[in-house]
Amino acid sequence: MGHGRGRQWTRRGVLAVAGAAAIVRPAAADRGALAKLKQQGSIRIGIANNMPWSTLNPDGTLIGIAPTLVRAVVERMGIPKIEAFVAAYGELVPGLQAGRWDMIGASLTISPDRCKQVLFCDPFYRKDETQWIGYLPGTVKDPPKSFTELGAAFSLIGISKGSAELPYLQQGIEAAGRKDKVEIAQFSDTPLLYEGLTAKRVPIVTSDAKTMQLLKSQRGGIEIAPVDSGHPNRGSGGAFRLDDTDLRDAFVAEFRALKKSGEVAKILKQHDFEYDEKFMNISGEQACAL
C-alpha cells in the first residue's frame, strides 16, 4: 500500500455532485490547461473512497494505487501539489465536466460510454478479473457464472453507484428475460455496499475482483466468486476533459517514461498488482477500442 506525504496532499472532503451538468469551459482556458496548472503548482483530482484504488485519510493523506501513480507522474510534469476531492464513481465524470477537478485520479474503469465523455490516459493496470460477486455464507448454493445467470436467480442485486459494470448487469438481466422483475440497489461506496450485504438489505452484490477479495480478507463474513460480466477487460486509468488534450498528452508522456524506467511496475508490485507487459503498452484509445 502506498502512502502519500501529508505536505503534498490537501484534504477537501466529500463533494456532493450528483446530477451536475456539464459546463462548457472557455476555449482560452482549455488551450492553457497544462500551463495554468504548472504555473499555480497544483492540480485538483477527483477520486473515489475505495481501497485499494484510492482513499483520502482523515489526516488528509492519500493512499491507493491510483493516487500513488498520479503523484509520481504529475511531479515529473512540474506540478508538486495535489488537491483531492472525494465523490462516488458515478459522480467523477460529471464533476470533471463541470470543472470541479482537473482530472480523475481514481482507478476509473475504461468503458465505451466513458470513452465518449472523457480522454483516458494509458491504463494504469489490467484487472485480474472483470467482476466478482459476494454473498453471505450458506445463502447461495450454486453461484451464478454470468450476469445473465445472476439476473435469472435474484430479484435484488447490489452494486456500487455509477459502476462501469452497471450497463452490463442491466444487459444480463434483460437477457434473462427479467428486465421488470429485478431491482438494482446502488450503494455510494464500497463500505456501504458491504454493509448492505451483511445487514441483509441485499442478498448478493457485485464489484471488481480486488475489492471483493479485500472485503473478504479484511472484513470477512462473506463468500465471493468470479462472474462473467460479458465485456472485455479494458483496464482502468486516469481521465481528462475532452478539450484538455495538452494536459492528457503531457501526463501520458511522463507516465510512459515511468513505465520505461520500471517505476510503474515497482509501484504496482507494492500494491499487489501484476505488471502485464503486453497490456501496459496499449494507449487509452486502444483500450477504448477493445
# chains A, B, ... in the order shown; residues from 1 in each chain; ligands from 1

call {"tool": "residues_around", "arguments": {"residues": "Ala88 of chain A", "least_positions_apart": "5", "cutoff": "7 Å", "atoms": "only C-alpha atoms", "output": "list of chain:residue names"}}
result
A:Ala48, A:Lys161, A:Ser188, A:Asp189

call {"tool": "write_last_selection", "arguments": {"atoms": "C-alpha atoms", "output": "short mmCIF file (atom, residue, chain, number, x, y, z; two decimals), in the first residue's frame"}}
result
data_model
loop_
_atom_site.label_atom_id
_atom_site.label_comp_id
_atom_site.auth_asym_id
_atom_site.auth_seq_id
_atom_site.Cartn_x
_atom_site.Cartn_y
_atom_site.Cartn_z
CA ALA A 48 -13.45 7.60 -5.04
CA LYS A 161 -23.28 3.68 -7.66
CA SER A 188 -22.47 5.17 -2.89
CA ASP A 189 -19.21 3.46 -1.86
#

call {"tool": "select_by_dssp", "arguments": {"residues": "segment 118-246 of chain A", "states": "strand (DSSP E or B)", "output": "number ranges by chain"}}
result
A: 119-120, 125, 131-135, 146, 156-160, 183-187, 204-207, 223-228, 236-240

call {"tool": "residues_around", "arguments": {"residues": "segment 103-115 of chain A", "least_positions_apart": "5", "cutoff": "8 Å", "atoms": "only C-alpha atoms", "output": "PyMOL selection string"}}
result
chain A and resi 43-48+53-54+65-67+70+89+92-93+96+120+124+164+234-241+287-289

call {"tool": "write_last_selection", "arguments": {"atoms": "C-alpha atoms", "output": "JSON list (two decimals), in the first residue's frame"}}
result
[["chain", "number", "residue", "atom", "x", "y", "z"],
["A", 43, "ILE", "CA", -3.78, 20.03, -9.69],
["A", 44, "ARG", "CA", -7.23, 19.06, -8.46],
["A", 45, "ILE", "CA", -8.10, 15.38, -8.79],
["A", 46, "GLY", "CA", -11.38, 13.58, -8.27],
["A", 47, "ILE", "CA", -11.14, 10.22, -6.51],
["A", 48, "ALA", "CA", -13.45, 7.60, -5.04],
["A", 53, "TRP", "CA", -7.75, 2.00, -5.61],
["A", 54, "SER", "CA", -7.92, 5.36, -3.80],
["A", 65, "ILE", "CA", -2.68, 2.63, -6.35],
["A", 66, "ALA", "CA", -4.21, 5.42, -8.47],
["A", 67, "PRO", "CA", -3.15, 8.46, -6.37],
["A", 70, "VAL", "CA", -0.78, 10.14, -10.35],
["A", 89, "TYR", "CA", -17.68, 6.74, -9.05],
["A", 92, "LEU", "CA", -16.48, 11.59, -11.12],
["A", 93, "VAL", "CA", -17.16, 12.25, -14.81],
["A", 96, "LEU", "CA", -14.77, 16.65, -14.21],
["A", 120, "PHE", "CA", -8.31, 8.32, -20.88],
["A", 124, "PHE", "CA", -2.86, 2.10, -15.01],
["A", 164, "ALA", "CA", -18.95, 0.86, -15.21],
["A", 234, "ARG", "CA", -10.10, -2.75, -20.82],
["A", 235, "GLY", "CA", -8.30, -1.92, -17.59],
["A", 236, "SER", "CA", -8.58, 1.28, -15.55],
["A", 237, "GLY", "CA", -6.87, 4.64, -15.68],
["A", 238, "GLY", "CA", -6.99, 8.38, -15.15],
["A", 239, "ALA", "CA", -9.20, 10.63, -17.26],
["A", 240, "PHE", "CA", -9.33, 14.20, -18.55],
["A", 241, "ARG", "CA", -11.81, 16.56, -20.18],
["A", 287, "ALA", "CA", -8.20, 0.29, -24.62],
["A", 288, "CYS", "CA", -11.40, 2.11, -25.59],
["A", 289, "ALA", "CA", -11.45, 0.23, -28.90]]

call {"tool": "select_by_dssp", "arguments": {"residues": "segment 100-243 of chain A", "states": "alpha helix (DSSP H)", "output": "JSON, numbers by chain"}}
result
{"A": [112, 113, 114, 115, 147, 148, 149, 150, 151, 152, 153, 166, 167, 168, 169, 170, 171, 172, 173, 174, 175, 190, 191, 192, 193, 194, 195, 196, 197, 198, 209, 210, 211, 212, 213, 214]}

call {"tool": "residues_around", "arguments": {"residues": "segment 273-280 of chain A", "least_positions_apart": "4", "cutoff": "8 Å", "atoms": "only C-alpha atoms", "output": "PyMOL selection string"}}
result
chain A and resi 122-126+265+268-269

call {"tool": "closest_residue", "arguments": {"among": "A:Lys260, A:Ser160, A:Gln218, A:Asn233", "to": "Asn281 of chain A", "atoms": "only C-alpha atoms"}}
result
A:Lys260

call {"tool": "residues_around", "arguments": {"residues": "Glu263 of chain A", "least_positions_apart": "5", "cutoff": "12 Å", "atoms": "only C-alpha atoms", "output": "count of residues only"}}
result
13

call {"tool": "closest_residue", "arguments": {"among": "A:Leu150, A:Ala87, A:Ile184, A:Val74", "to": "Trp132 of chain A", "atoms": "only C-alpha atoms"}}
result
A:Leu150

call {"tool": "closest_residue", "arguments": {"among": "A:Met51, A:Leu119, A:Leu34, A:Ala176", "to": "Met212 of chain A", "atoms": "only C-alpha atoms"}}
result
A:Met51

call {"tool": "residues_around", "arguments": {"residues": "Ser229 of chain A", "least_positions_apart": "2", "cutoff": "12 Å", "atoms": "only C-alpha atoms", "output": "PDB file with C-alpha atoms, in the first residue's frame"}}
result
ATOM      1  CA  GLU A 129     -10.960 -10.468 -13.409  1.00  0.00           C
ATOM      2  CA  THR A 130     -13.682  -8.264 -14.818  1.00  0.00           C
ATOM      3  CA  GLN A 131     -16.185  -8.786 -11.984  1.00  0.00           C
ATOM      4  CA  TRP A 132     -16.941 -10.846  -8.874  1.00  0.00           C
ATOM      5  CA  ILE A 133     -19.978 -11.452  -6.691  1.00  0.00           C
ATOM      6  CA  PRO A 144     -24.080 -17.719 -10.896  1.00  0.00           C
ATOM      7  CA  LYS A 145     -21.318 -17.762 -13.502  1.00  0.00           C
ATOM      8  CA  SER A 146     -22.517 -14.808 -15.575  1.00  0.00           C
ATOM      9  CA  PHE A 147     -24.555 -11.621 -15.255  1.00  0.00           C
ATOM     10  CA  THR A 148     -27.347 -13.370 -17.156  1.00  0.00           C
ATOM     11  CA  GLU A 149     -27.424 -16.179 -14.575  1.00  0.00           C
ATOM     12  CA  LEU A 150     -27.236 -13.558 -11.816  1.00  0.00           C
ATOM     13  CA  GLY A 151     -30.282 -11.765 -13.241  1.00  0.00           C
ATOM     14  CA  ALA A 164     -18.953   0.863 -15.208  1.00  0.00           C
ATOM     15  CA  GLU A 165     -20.428  -2.622 -14.864  1.00  0.00           C
ATOM     16  CA  LEU A 166     -23.965  -1.326 -14.341  1.00  0.00           C
ATOM     17  CA  PRO A 167     -24.929  -1.337 -18.063  1.00  0.00           C
ATOM     18  CA  TYR A 168     -23.633  -4.903 -18.415  1.00  0.00           C
ATOM     19  CA  LEU A 169     -25.589  -6.020 -15.368  1.00  0.00           C
ATOM     20  CA  GLN A 170     -28.702  -4.461 -16.898  1.00  0.00           C
ATOM     21  CA  GLN A 171     -27.994  -6.266 -20.175  1.00  0.00           C
ATOM     22  CA  GLY A 172     -27.592  -9.564 -18.320  1.00  0.00           C
ATOM     23  CA  ILE A 173     -30.899  -9.063 -16.537  1.00  0.00           C
ATOM     24  CA  THR A 206     -21.146  -7.422  -7.424  1.00  0.00           C
ATOM     25  CA  SER A 207     -17.881  -5.492  -7.673  1.00  0.00           C
ATOM     26  CA  ASP A 208     -14.377  -5.903  -9.097  1.00  0.00           C
ATOM     27  CA  ALA A 209     -12.144  -8.818  -8.098  1.00  0.00           C
ATOM     28  CA  PRO A 226     -15.919 -14.697 -10.175  1.00  0.00           C
ATOM     29  CA  VAL A 227     -18.702 -13.868 -12.609  1.00  0.00           C
ATOM     30  CA  HIS A 231     -17.474  -7.496 -21.801  1.00  0.00           C
ATOM     31  CA  PRO A 232     -13.713  -7.263 -22.375  1.00  0.00           C
ATOM     32  CA  ASN A 233     -11.178  -6.254 -19.761  1.00  0.00           C
TER      33      ASN A 233
END

call {"tool": "residues_around", "arguments": {"residues": "segment 157-159 of chain A", "least_positions_apart": "4", "cutoff": "7 Å", "atoms": "only C-alpha atoms", "output": "list in words"}}
result
Glu183, Ile184, Ala185, Gln186, Phe187, Leu193, Val202, Pro203, Ile204, Val205, Thr206 and Ser207 of chain A

call {"tool": "write_last_selection", "arguments": {"atoms": "C-alpha atoms", "output": "mmCIF file, in the first residue's frame"}}
result
data_model
loop_
_atom_site.group_PDB
_atom_site.id
_atom_site.type_symbol
_atom_site.label_atom_id
_atom_site.label_comp_id
_atom_site.auth_asym_id
_atom_site.auth_seq_id
_atom_site.Cartn_x
_atom_site.Cartn_y
_atom_site.Cartn_z
ATOM 1 C CA GLU A 183 -34.204 -4.326 -8.784
ATOM 2 C CA ILE A 184 -30.647 -2.980 -8.726
ATOM 3 C CA ALA A 185 -29.648 -1.297 -5.448
ATOM 4 C CA GLN A 186 -26.810 1.217 -5.918
ATOM 5 C CA PHE A 187 -24.567 1.994 -2.931
ATOM 6 C CA LEU A 193 -22.029 -1.999 -0.398
ATOM 7 C CA VAL A 202 -29.498 -7.176 -0.478
ATOM 8 C CA PRO A 203 -28.896 -10.920 -0.951
ATOM 9 C CA ILE A 204 -25.965 -10.543 -3.351
ATOM 10 C CA VAL A 205 -23.586 -7.822 -4.565
ATOM 11 C CA THR A 206 -21.146 -7.422 -7.424
ATOM 12 C CA SER A 207 -17.881 -5.492 -7.673
#

call {"tool": "closest_residue", "arguments": {"among": "A:Glu195, A:Asp243, A:Asp272, A:Asp228", "to": "Gln117 of chain A", "atoms": "only C-alpha atoms"}}
result
A:Asp243

call {"tool": "atom_distance", "arguments": {"atom1": "atom CA of Ser283 of chain A", "atom2": "atom CA of Met77 of chain A"}}
result
19.0 Å
